[in-house]
Structures are given as C-alpha cells and as structure tokens.
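Asker: Quick one, work-v4.csv (CSV, N, CA and C atoms):
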chain,number,residue,atom,x,y,z
N,1,MET,N,-195.4,-141.4,-31.9
N,1,MET,CA,-195.1,-141.0,-33.2
N,1,MET,C,-195.9,-139.8,-33.7
N,2,ALA,N,-197.2,-139.9,-33.4
N,2,ALA,CA,-198.2,-138.8,-33.8
N,2,ALA,C,-197.8,-137.5,-33.0
N,3,GLN,N,-197.4,-137.7,-31.7
N,3,GLN,CA,-197.1,-136.5,-30.9
N,3,GLN,C,-195.9,-135.8,-31.5
N,4,THR,N,-194.9,-136.6,-32.0
N,4,THR,CA,-193.7,-136.0,-32.7
N,4,THR,C,-194.1,-135.2,-33.9
N,5,ALA,N,-195.0,-135.8,-34.7
N,5,ALA,CA,-195.4,-135.1,-35.9
N,5,ALA,C,-196.2,-133.8,-35.6
N,6,ASP,N,-197.0,-133.9,-34.5
N,6,ASP,CA,-197.8,-132.7,-34.1
N,6,ASP,C,-196.8,-131.6,-33.6
N,7,LEU,N,-195.8,-132.0,-32.9
N,7,LEU,CA,-194.8,-131.0,-32.4
N,7,LEU,C,-194.0,-130.4,-33.5
N,8,GLU,N,-193.6,-131.2,-34.5
N,8,GLU,CA,-192.9,-130.7,-35.6
N,8,GLU,C,-193.7,-129.7,-36.4
N,9,ARG,N,-195.0,-130.0,-36.6
N,9,ARG,CA,-195.9,-129.2,-37.3
N,9,ARG,C,-196.1,-127.8,-36.6
N,10,LEU,N,-196.1,-127.9,-35.3
N,10,LEU,CA,-196.2,-126.6,-34.5
N,10,LEU,C,-194.9,-125.8,-34.5
N,11,LEU,N,-193.8,-126.6,-34.5
N,11,LEU,CA,-192.5,-125.9,-34.4
N,11,LEU,C,-192.2,-125.1,-35.7
N,12,THR,N,-192.9,-125.4,-36.8
N,12,THR,CA,-192.7,-124.7,-38.0
N,12,THR,C,-193.1,-123.2,-37.8
N,13,HIS,N,-193.9,-123.0,-36.8
N,13,HIS,CA,-194.4,-121.6,-36.6
N,13,HIS,C,-193.7,-120.9,-35.4
N,14,ALA,N,-192.5,-121.4,-35.1
N,14,ALA,CA,-191.8,-120.9,-33.9
N,14,ALA,C,-191.5,-119.4,-34.0
N,15,ASP,N,-191.0,-119.0,-35.2
N,15,ASP,CA,-190.6,-117.6,-35.3
N,15,ASP,C,-191.9,-116.7,-35.2
N,16,TRP,N,-192.9,-117.1,-35.8
N,16,TRP,CA,-194.2,-116.3,-35.7
N,16,TRP,C,-194.7,-116.2,-34.3
N,17,LEU,N,-194.6,-117.4,-33.6
N,17,LEU,CA,-195.1,-117.5,-32.2
N,17,LEU,C,-194.2,-116.6,-31.3
N,18,ARG,N,-192.9,-116.6,-31.5
N,18,ARG,CA,-192.0,-115.8,-30.7
N,18,ARG,C,-192.3,-114.3,-31.0
N,19,ALA,N,-192.6,-113.9,-32.2
N,19,ALA,CA,-192.9,-112.5,-32.5
N,19,ALA,C,-194.2,-112.1,-31.8
N,20,LEU,N,-195.2,-113.0,-31.8
N,20,LEU,CA,-196.5,-112.8,-31.1
N,20,LEU,C,-196.2,-112.6,-29.6
N,21,ALA,N,-195.4,-113.4,-29.1
N,21,ALA,CA,-195.1,-113.3,-27.6
N,21,ALA,C,-194.5,-112.0,-27.3
N,22,HIS,N,-193.6,-111.5,-28.1
N,22,HIS,CA,-192.9,-110.3,-27.9
N,22,HIS,C,-194.0,-109.1,-27.9
N,23,ARG,N,-194.9,-109.2,-28.8
N,23,ARG,CA,-196.0,-108.2,-28.9
N,23,ARG,C,-196.9,-108.3,-27.7
N,24,LEU,N,-197.2,-109.5,-27.2
N,24,LEU,CA,-198.1,-109.6,-26.1
N,24,LEU,C,-197.5,-109.3,-24.7
N,25,VAL,N,-196.2,-109.7,-24.5
N,25,VAL,CA,-195.7,-109.6,-23.1
N,25,VAL,C,-194.3,-108.9,-23.1
N,26,GLY,N,-193.8,-108.5,-24.2
N,26,GLY,CA,-192.5,-107.9,-24.2
N,26,GLY,C,-191.3,-108.9,-24.2
N,27,SER,N,-190.1,-108.4,-24.4
N,27,SER,CA,-189.0,-109.3,-24.6
N,27,SER,C,-188.6,-110.1,-23.3
N,28,SER,N,-188.9,-109.5,-22.2
N,28,SER,CA,-188.4,-110.2,-21.0
N,28,SER,C,-189.1,-111.5,-20.7
N,29,SER,N,-190.3,-111.6,-21.0
N,29,SER,CA,-191.1,-112.8,-20.7
N,29,SER,C,-191.5,-113.6,-21.9
N,30,ALA,N,-191.1,-113.2,-23.1
N,30,ALA,CA,-191.6,-113.8,-24.4
N,30,ALA,C,-191.1,-115.3,-24.5
N,31,ASP,N,-189.9,-115.6,-24.2
N,31,ASP,CA,-189.4,-117.0,-24.3
N,31,ASP,C,-190.2,-117.9,-23.3
N,32,ASP,N,-190.4,-117.4,-22.1
N,32,ASP,CA,-191.2,-118.2,-21.2
N,32,ASP,C,-192.6,-118.5,-21.7
N,33,VAL,N,-193.2,-117.5,-22.2
N,33,VAL,CA,-194.6,-117.7,-22.7
N,33,VAL,C,-194.6,-118.6,-23.9
N,34,VAL,N,-193.6,-118.5,-24.8
N,34,VAL,CA,-193.5,-119.5,-25.9
N,34,VAL,C,-193.3,-120.9,-25.4
N,35,GLN,N,-192.5,-121.1,-24.4
N,35,GLN,CA,-192.3,-122.4,-23.8
N,35,GLN,C,-193.6,-123.0,-23.2
N,36,GLU,N,-194.3,-122.1,-22.4
N,36,GLU,CA,-195.5,-122.6,-21.8
N,36,GLU,C,-196.6,-122.9,-22.9
N,37,THR,N,-196.6,-122.2,-24.0
N,37,THR,CA,-197.5,-122.4,-25.1
N,37,THR,C,-197.2,-123.8,-25.7
N,38,TYR,N,-195.9,-124.1,-25.9
N,38,TYR,CA,-195.6,-125.4,-26.5
N,38,TYR,C,-195.9,-126.5,-25.5
N,39,LEU,N,-195.7,-126.3,-24.2
N,39,LEU,CA,-196.0,-127.3,-23.2
N,39,LEU,C,-197.5,-127.6,-23.3
N,40,ALA,N,-198.3,-126.6,-23.4
N,40,ALA,CA,-199.8,-126.8,-23.5
N,40,ALA,C,-200.1,-127.5,-24.8
N,41,ALA,N,-199.4,-127.2,-25.8
N,41,ALA,CA,-199.6,-127.9,-27.1
N,41,ALA,C,-199.2,-129.4,-27.0
N,42,LEU,N,-198.2,-129.7,-26.3
N,42,LEU,CA,-197.8,-131.1,-26.1
N,42,LEU,C,-198.9,-131.8,-25.3
N,43,HIS,N,-199.4,-131.2,-24.3
N,43,HIS,CA,-200.4,-131.9,-23.5
N,43,HIS,C,-201.8,-132.0,-24.2
N,44,SER,N,-202.1,-131.1,-25.0
N,44,SER,CA,-203.4,-131.1,-25.7
N,44,SER,C,-203.2,-130.5,-27.1
N,45,PRO,N,-202.7,-131.3,-28.1
N,45,PRO,CA,-202.4,-130.7,-29.4
N,45,PRO,C,-203.7,-130.4,-30.2
N,46,PRO,N,-203.6,-129.5,-31.1
N,46,PRO,CA,-204.8,-129.2,-31.9
N,46,PRO,C,-205.1,-130.3,-32.9
N,47,ASP,N,-206.3,-130.3,-33.3
N,47,ASP,CA,-206.7,-131.3,-34.3
N,47,ASP,C,-205.9,-131.1,-35.6
N,48,ALA,N,-205.6,-132.2,-36.3
N,48,ALA,CA,-204.7,-132.1,-37.5
N,48,ALA,C,-205.4,-131.3,-38.6
N,49,ASP,N,-206.7,-131.3,-38.6
N,49,ASP,CA,-207.4,-130.6,-39.7
N,49,ASP,C,-207.6,-129.1,-39.4
N,50,ARG,N,-207.1,-128.6,-38.3
N,50,ARG,CA,-207.3,-127.2,-37.9
N,50,ARG,C,-206.0,-126.5,-38.2
N,51,PRO,N,-206.1,-125.2,-38.7
N,51,PRO,CA,-204.8,-124.4,-38.9
N,51,PRO,C,-204.2,-124.1,-37.6
N,52,PRO,N,-202.9,-124.3,-37.4
N,52,PRO,CA,-202.2,-124.2,-36.1
N,52,PRO,C,-202.1,-122.8,-35.6
N,53,ARG,N,-201.9,-121.8,-36.5
N,53,ARG,CA,-201.6,-120.4,-36.0
N,53,ARG,C,-202.8,-119.9,-35.2
N,54,PRO,N,-204.0,-119.9,-35.6
N,54,PRO,CA,-205.1,-119.4,-34.7
N,54,PRO,C,-205.2,-120.1,-33.4
N,55,TRP,N,-204.9,-121.4,-33.5
N,55,TRP,CA,-205.0,-122.2,-32.3
N,55,TRP,C,-203.8,-121.9,-31.3
N,56,LEU,N,-202.6,-121.7,-31.9
N,56,LEU,CA,-201.5,-121.3,-31.1
N,56,LEU,C,-201.7,-119.9,-30.5
N,57,ALA,N,-202.2,-119.0,-31.3
N,57,ALA,CA,-202.5,-117.7,-30.8
N,57,ALA,C,-203.5,-117.7,-29.6
N,58,ARG,N,-204.5,-118.5,-29.7
N,58,ARG,CA,-205.5,-118.6,-28.6
N,58,ARG,C,-204.8,-119.2,-27.3
N,59,VAL,N,-204.0,-120.3,-27.5
N,59,VAL,CA,-203.3,-120.9,-26.4
N,59,VAL,C,-202.4,-119.9,-25.8
N,60,MET,N,-201.6,-119.1,-26.6
N,60,MET,CA,-200.7,-118.1,-26.0
N,60,MET,C,-201.5,-117.0,-25.3
N,61,ARG,N,-202.6,-116.6,-25.8
N,61,ARG,CA,-203.4,-115.6,-25.1
N,61,ARG,C,-203.8,-116.1,-23.7
N,62,ASN,N,-204.2,-117.4,-23.7
N,62,ASN,CA,-204.6,-118.0,-22.4
N,62,ASN,C,-203.5,-118.1,-21.5
N,63,VAL,N,-202.3,-118.5,-22.0
N,63,VAL,CA,-201.1,-118.6,-21.2
N,63,VAL,C,-200.8,-117.2,-20.6
N,64,THR,N,-200.8,-116.1,-21.4
N,64,THR,CA,-200.5,-114.8,-20.9
N,64,THR,C,-201.5,-114.3,-19.9
N,65,ARG,N,-202.8,-114.6,-20.1
N,65,ARG,CA,-203.8,-114.2,-19.2
N,65,ARG,C,-203.6,-115.0,-17.8
N,66,MET,N,-203.3,-116.3,-17.9
N,66,MET,CA,-203.1,-117.0,-16.6
N,66,MET,C,-201.8,-116.5,-15.9
N,67,ARG,N,-200.8,-116.2,-16.7
N,67,ARG,CA,-199.6,-115.6,-16.0
N,67,ARG,C,-199.9,-114.3,-15.4
N,68,PHE,N,-200.7,-113.4,-16.1
N,68,PHE,CA,-201.0,-112.1,-15.5
N,68,PHE,C,-201.8,-112.3,-14.2
N,69,ARG,N,-202.8,-113.2,-14.2
N,69,ARG,CA,-203.6,-113.4,-13.1
N,69,ARG,C,-202.8,-114.0,-11.9
N,70,ALA,N,-201.9,-114.9,-12.2
N,70,ALA,CA,-201.0,-115.4,-11.2
N,70,ALA,C,-200.1,-114.4,-10.6
N,71,ASP,N,-199.5,-113.5,-11.5
N,71,ASP,CA,-198.6,-112.5,-11.0
N,71,ASP,C,-199.4,-111.5,-10.2
N,72,SER,N,-200.6,-111.1,-10.6
N,72,SER,CA,-201.4,-110.2,-9.8
N,72,SER,C,-201.8,-110.8,-8.4
N,73,ARG,N,-202.1,-112.0,-8.4
N,73,ARG,CA,-202.4,-112.7,-7.1
N,73,ARG,C,-201.2,-112.7,-6.2
N,74,ARG,N,-200.0,-113.0,-6.8
N,74,ARG,CA,-198.8,-113.0,-6.0
N,74,ARG,C,-198.4,-111.7,-5.5
N,75,VAL,N,-198.6,-110.6,-6.3
N,75,VAL,CA,-198.3,-109.3,-5.8
N,75,VAL,C,-199.3,-108.9,-4.6
N,76,ARG,N,-200.5,-109.3,-4.8
N,76,ARG,CA,-201.5,-109.0,-3.7
N,76,ARG,C,-201.1,-109.7,-2.4
N,77,ARG,N,-200.7,-111.0,-2.5
N,77,ARG,CA,-200.3,-111.7,-1.4
N,77,ARG,C,-199.1,-111.1,-0.7
N,78,GLU,N,-198.1,-110.8,-1.6
N,78,GLU,CA,-196.9,-110.2,-1.0
N,78,GLU,C,-197.1,-108.8,-0.4
N,79,ASP,N,-198.0,-108.0,-1.0
N,79,ASP,CA,-198.4,-106.8,-0.4
N,79,ASP,C,-199.1,-106.9,1.0
N,80,ALA,N,-199.9,-108.0,1.0
N,80,ALA,CA,-200.7,-108.2,2.3
N,80,ALA,C,-199.7,-108.6,3.4
N,81,VAL,N,-198.6,-109.3,3.2
N,81,VAL,CA,-197.8,-109.7,4.2
N,81,VAL,C,-196.5,-108.9,4.3
N,82,ALA,N,-196.4,-107.8,3.5
N,82,ALA,CA,-195.2,-107.0,3.5
N,82,ALA,C,-195.0,-106.3,4.9
N,83,VAL,N,-193.8,-106.4,5.4
N,83,VAL,CA,-193.5,-105.7,6.6
N,83,VAL,C,-192.9,-104.3,6.3
N,84,THR,N,-193.5,-103.3,6.8
N,84,THR,CA,-193.0,-102.0,6.6
N,84,THR,C,-192.2,-101.6,7.8
N,85,ASP,N,-191.1,-101.1,7.6
N,85,ASP,CA,-190.2,-100.6,8.6
N,85,ASP,C,-190.7,-99.2,9.0
N,86,THR,N,-191.1,-99.0,10.2
N,86,THR,CA,-191.6,-97.7,10.6
N,86,THR,C,-190.5,-97.1,11.5
N,87,VAL,N,-190.2,-95.9,11.2
N,87,VAL,CA,-189.2,-95.2,12.0
N,87,VAL,C,-190.0,-94.3,13.0
N,88,PRO,N,-189.7,-94.4,14.3
N,88,PRO,CA,-190.4,-93.6,15.3
N,88,PRO,C,-190.3,-92.1,14.9
N,89,ALA,N,-191.4,-91.4,15.1
N,89,ALA,CA,-191.5,-90.0,14.7
N,89,ALA,C,-190.5,-89.2,15.4
N,90,GLY,N,-190.1,-89.6,16.6
N,90,GLY,CA,-189.1,-88.8,17.3
N,90,GLY,C,-188.5,-89.6,18.5
N,91,PRO,N,-187.6,-89.0,19.2
N,91,PRO,CA,-187.0,-89.7,20.4
N,91,PRO,C,-188.1,-90.1,21.4
N,92,GLU,N,-189.1,-89.3,21.6
N,92,GLU,CA,-190.1,-89.6,22.6
N,92,GLU,C,-190.8,-90.9,22.3
N,93,GLU,N,-191.2,-91.0,21.0
N,93,GLU,CA,-191.9,-92.3,20.6
N,93,GLU,C,-191.0,-93.5,20.7
N,94,ALA,N,-189.7,-93.3,20.4
N,94,ALA,CA,-188.8,-94.4,20.5
N,94,ALA,C,-188.6,-94.9,22.0
N,95,VAL,N,-188.5,-93.9,22.9
N,95,VAL,CA,-188.4,-94.2,24.3
N,95,VAL,C,-189.7,-94.9,24.8
N,96,ALA,N,-190.9,-94.4,24.3
N,96,ALA,CA,-192.1,-95.0,24.7
N,96,ALA,C,-192.2,-96.5,24.3
N,97,ARG,N,-191.8,-96.7,23.0
N,97,ARG,CA,-191.8,-98.1,22.5
N,97,ARG,C,-190.9,-99.0,23.3
N,98,LEU,N,-189.7,-98.5,23.6
N,98,LEU,CA,-188.8,-99.3,24.4
N,98,LEU,C,-189.3,-99.5,25.8
N,99,GLU,N,-189.9,-98.5,26.4
N,99,GLU,CA,-190.4,-98.7,27.8
N,99,GLU,C,-191.5,-99.7,27.8
N,100,THR,N,-192.4,-99.7,26.8
N,100,THR,CA,-193.5,-100.7,26.6
N,100,THR,C,-192.9,-102.1,26.5
N,101,HIS,N,-191.8,-102.2,25.7
N,101,HIS,CA,-191.2,-103.5,25.5
N,101,HIS,C,-190.5,-104.0,26.8
N,102,ARG,N,-189.9,-103.1,27.5
N,102,ARG,CA,-189.3,-103.5,28.8
N,102,ARG,C,-190.3,-104.0,29.8
N,103,LYS,N,-191.5,-103.3,29.9
N,103,LYS,CA,-192.5,-103.7,30.8
N,103,LYS,C,-193.1,-105.1,30.4
N,104,LEU,N,-193.3,-105.3,29.1
N,104,LEU,CA,-193.8,-106.5,28.6
N,104,LEU,C,-192.8,-107.7,29.0
N,105,CYS,N,-191.5,-107.4,28.8
N,105,CYS,CA,-190.5,-108.5,29.1
N,105,CYS,C,-190.6,-108.8,30.6
N,106,GLU,N,-190.7,-107.8,31.5
N,106,GLU,CA,-190.8,-108.0,32.9
N,106,GLU,C,-192.0,-108.8,33.3
N,107,LEU,N,-193.1,-108.5,32.6
N,107,LEU,CA,-194.3,-109.2,32.9
N,107,LEU,C,-194.2,-110.7,32.5
N,108,VAL,N,-193.6,-110.9,31.4
N,108,VAL,CA,-193.5,-112.3,30.9
N,108,VAL,C,-192.5,-113.1,31.8
N,109,LEU,N,-191.4,-112.4,32.2
N,109,LEU,CA,-190.5,-113.1,33.1
N,109,LEU,C,-191.1,-113.4,34.5
N,110,ALA,N,-192.1,-112.6,34.9
N,110,ALA,CA,-192.7,-112.8,36.2
N,110,ALA,C,-193.7,-113.9,36.1
N,111,LEU,N,-194.1,-114.3,35.0
N,111,LEU,CA,-195.1,-115.4,34.8
N,111,LEU,C,-194.5,-116.7,35.4
N,112,GLY,N,-195.3,-117.5,36.0
N,112,GLY,CA,-194.9,-118.8,36.4
N,112,GLY,C,-195.1,-119.8,35.2
N,113,GLU,N,-194.5,-121.0,35.4
N,113,GLU,CA,-194.7,-122.0,34.5
N,113,GLU,C,-196.1,-122.6,34.6
N,114,PRO,N,-196.7,-123.1,33.6
N,114,PRO,CA,-196.3,-123.3,32.2
N,114,PRO,C,-196.6,-122.1,31.3
N,115,PHE,N,-197.0,-121.0,31.9
N,115,PHE,CA,-197.5,-119.8,31.1
N,115,PHE,C,-196.3,-119.2,30.3
N,116,ARG,N,-195.2,-119.1,31.0
N,116,ARG,CA,-194.0,-118.5,30.3
N,116,ARG,C,-193.6,-119.3,29.1
N,117,THR,N,-193.5,-120.6,29.3
N,117,THR,CA,-193.1,-121.5,28.2
N,117,THR,C,-194.1,-121.5,27.1
N,118,THR,N,-195.4,-121.4,27.5
N,118,THR,CA,-196.4,-121.4,26.5
N,118,THR,C,-196.3,-120.1,25.6
N,119,LEU,N,-196.1,-119.0,26.2
N,119,LEU,CA,-195.9,-117.7,25.5
N,119,LEU,C,-194.7,-117.8,24.6
N,120,ASP,N,-193.6,-118.4,25.1
N,120,ASP,CA,-192.4,-118.6,24.3
N,120,ASP,C,-192.6,-119.4,23.1
N,121,LYS,N,-193.3,-120.5,23.3
N,121,LYS,CA,-193.6,-121.4,22.1
N,121,LYS,C,-194.6,-120.7,21.1
N,122,LEU,N,-195.5,-120.0,21.6
N,122,LEU,CA,-196.4,-119.2,20.7
N,122,LEU,C,-195.6,-118.3,19.9
N,123,GLU,N,-194.7,-117.6,20.5
N,123,GLU,CA,-193.9,-116.6,19.7
N,123,GLU,C,-193.0,-117.3,18.6
N,124,VAL,N,-192.6,-118.5,18.9
N,124,VAL,CA,-191.8,-119.2,17.9
N,124,VAL,C,-192.7,-119.8,16.8
N,125,ASP,N,-193.8,-120.4,17.2
N,125,ASP,CA,-194.7,-121.0,16.2
N,125,ASP,C,-195.6,-120.0,15.5
N,126,TYR,N,-195.9,-119.0,16.1
N,126,TYR,CA,-196.9,-118.0,15.5
N,126,TYR,C,-196.3,-116.6,15.7
N,127,PRO,N,-195.2,-116.2,15.0
N,127,PRO,CA,-194.6,-114.9,15.2
N,127,PRO,C,-195.5,-113.8,14.8
N,128,PHE,N,-196.4,-114.0,13.9
N,128,PHE,CA,-197.3,-112.9,13.5
N,128,PHE,C,-198.2,-112.4,14.6
N,129,LEU,N,-198.4,-113.2,15.6
N,129,LEU,CA,-199.2,-112.8,16.8
N,129,LEU,C,-198.5,-111.7,17.6
N,130,PHE,N,-197.1,-111.7,17.5
N,130,PHE,CA,-196.3,-110.8,18.3
N,130,PHE,C,-195.7,-109.7,17.4
N,131,ASP,N,-196.2,-109.6,16.2
N,131,ASP,CA,-195.7,-108.6,15.2
N,131,ASP,C,-196.1,-107.2,15.7
N,132,ASP,N,-195.2,-106.2,15.6
N,132,ASP,CA,-195.5,-104.9,15.9
N,132,ASP,C,-196.3,-104.2,14.8
N,133,HIS,N,-196.3,-104.8,13.6
N,133,HIS,CA,-196.9,-104.1,12.5
N,133,HIS,C,-197.8,-105.2,11.8
N,134,PRO,N,-199.0,-105.4,12.4
N,134,PRO,CA,-199.9,-106.4,11.7
N,134,PRO,C,-200.3,-106.0,10.4
N,135,ALA,N,-200.6,-106.9,9.5
N,135,ALA,CA,-201.0,-106.6,8.1
N,135,ALA,C,-202.4,-106.0,8.1
N,136,ASP,N,-202.6,-105.0,7.3
N,136,ASP,CA,-203.9,-104.3,7.2
N,136,ASP,C,-204.8,-105.1,6.3
Could you write out this file's structure as structure tokens?
Answerer:
Amino acid sequence: MAQTADLERLLTHADWLRALAHRLVGSSSADDVVQETYLAALHSPPDADRPPRPWLARVMRNVTRMRFRADSRRVRREDAVAVTDTVPAGPEEAVARLETHRKLCELVLALGEPFRTTLDKLEVDYPFLFDDHPAD
C-alpha cells in the first residue's frame, strides 16, 4: 500500500520529469529514461519527508549517466570486433592472396590425422584465429 502511495506521489511529476528527460537526452530516448527513473524509484523510493523533484532529477541524471557509460562501452566493444572489408589494392594483391589461400589449403589437406581434424575443429570453435583481419 505504501509503495502505491509513493508511486502516485511521484507520478504527479510525470510531465515535469518527461520535460527534464527531453532536455537531458533528447526526444528519442526521453521515454526510456523516464521509465528507468520510475523503475529506480519503485526499487528505492525517496523518503516521504523529502521533496520528490530534486530526488527524481538526481535519479534521472544517474540513469542518463549510466546509459551513456553503457553506450560508450558498447560502442568500444563493437569497434574492437568490427570486421572491416578490405578491398585488394589491385589485381596483383588479389592474386597473391588467392595463391596464399590455395597453398594453405594444400598444406592442410596434406596433413595426416588427427592434425587435419584438429585444425578443422579449431576453425569452427575459434574462427577469430583464422581471421584475415585481426582486431587492432
């Protein structure tokens, strides 16, 4: 019952909170930030004797800061594993790459067991080991 009263008290500030979210993160993410703010308020509501707006503003700033940090980390992770398609500089480079690939295939096929199967399983389980473009 107390949680419902706390939520109703906080919901009276919904328009103000939505406007604050628009100023902090723009219209594309404002609704998500408002929802995350209310979720945080449900998990740990402010004391009844405290004014809710400053508390909600602080929670929203924390939510936006955590979202920014998470987005930044995600972008760094994605950039770290991004595969860049490289186009050979010219026909000579393309022929050289294909020749190297052909030689490698011949060498693998010439391997006896269990080495050939081991390499095959490694390529399936750990494809990054066989990547032409390792992450920098």
Asker: Closest to Asp6 of chain N among N:Ala96, N:Ala48, N:Ala21, N:Leu119, using only N, CA and C atoms?
Answerer: N:Ala48
Asker: What does the structure give for the distance between atom N of Val33 of chain N and atom CA of Met60 of chain N, in Å to one decimal?
Answerer: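 A separation of 8.4 Å between them.
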Asker: Calculated over only C-alpha atoms, which of the candidates N:Leu7, N:Ala14, N:Val63, N:Leu56 has the smallest distance to Asp32 of chain N?
Answerer: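 Ranked by minimum distance to Asp32 of chain N, first place goes to N:Val63.
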Asker: I need the residue nearest Asp47 of chain N from this list: N:Leu10, N:Val25, N:Val124, N:Leu111. Use only C-alpha atoms for the distance.
Answerer: N:Leu10
Asker: Run DSSP on the backbone and grab whatever in segment 11-95 of chain N lands in alpha helix (DSSP H); send it over as a PyMOL selection string.
Answerer: chain N and resi 11+14-25+27-43+52-81+91-95
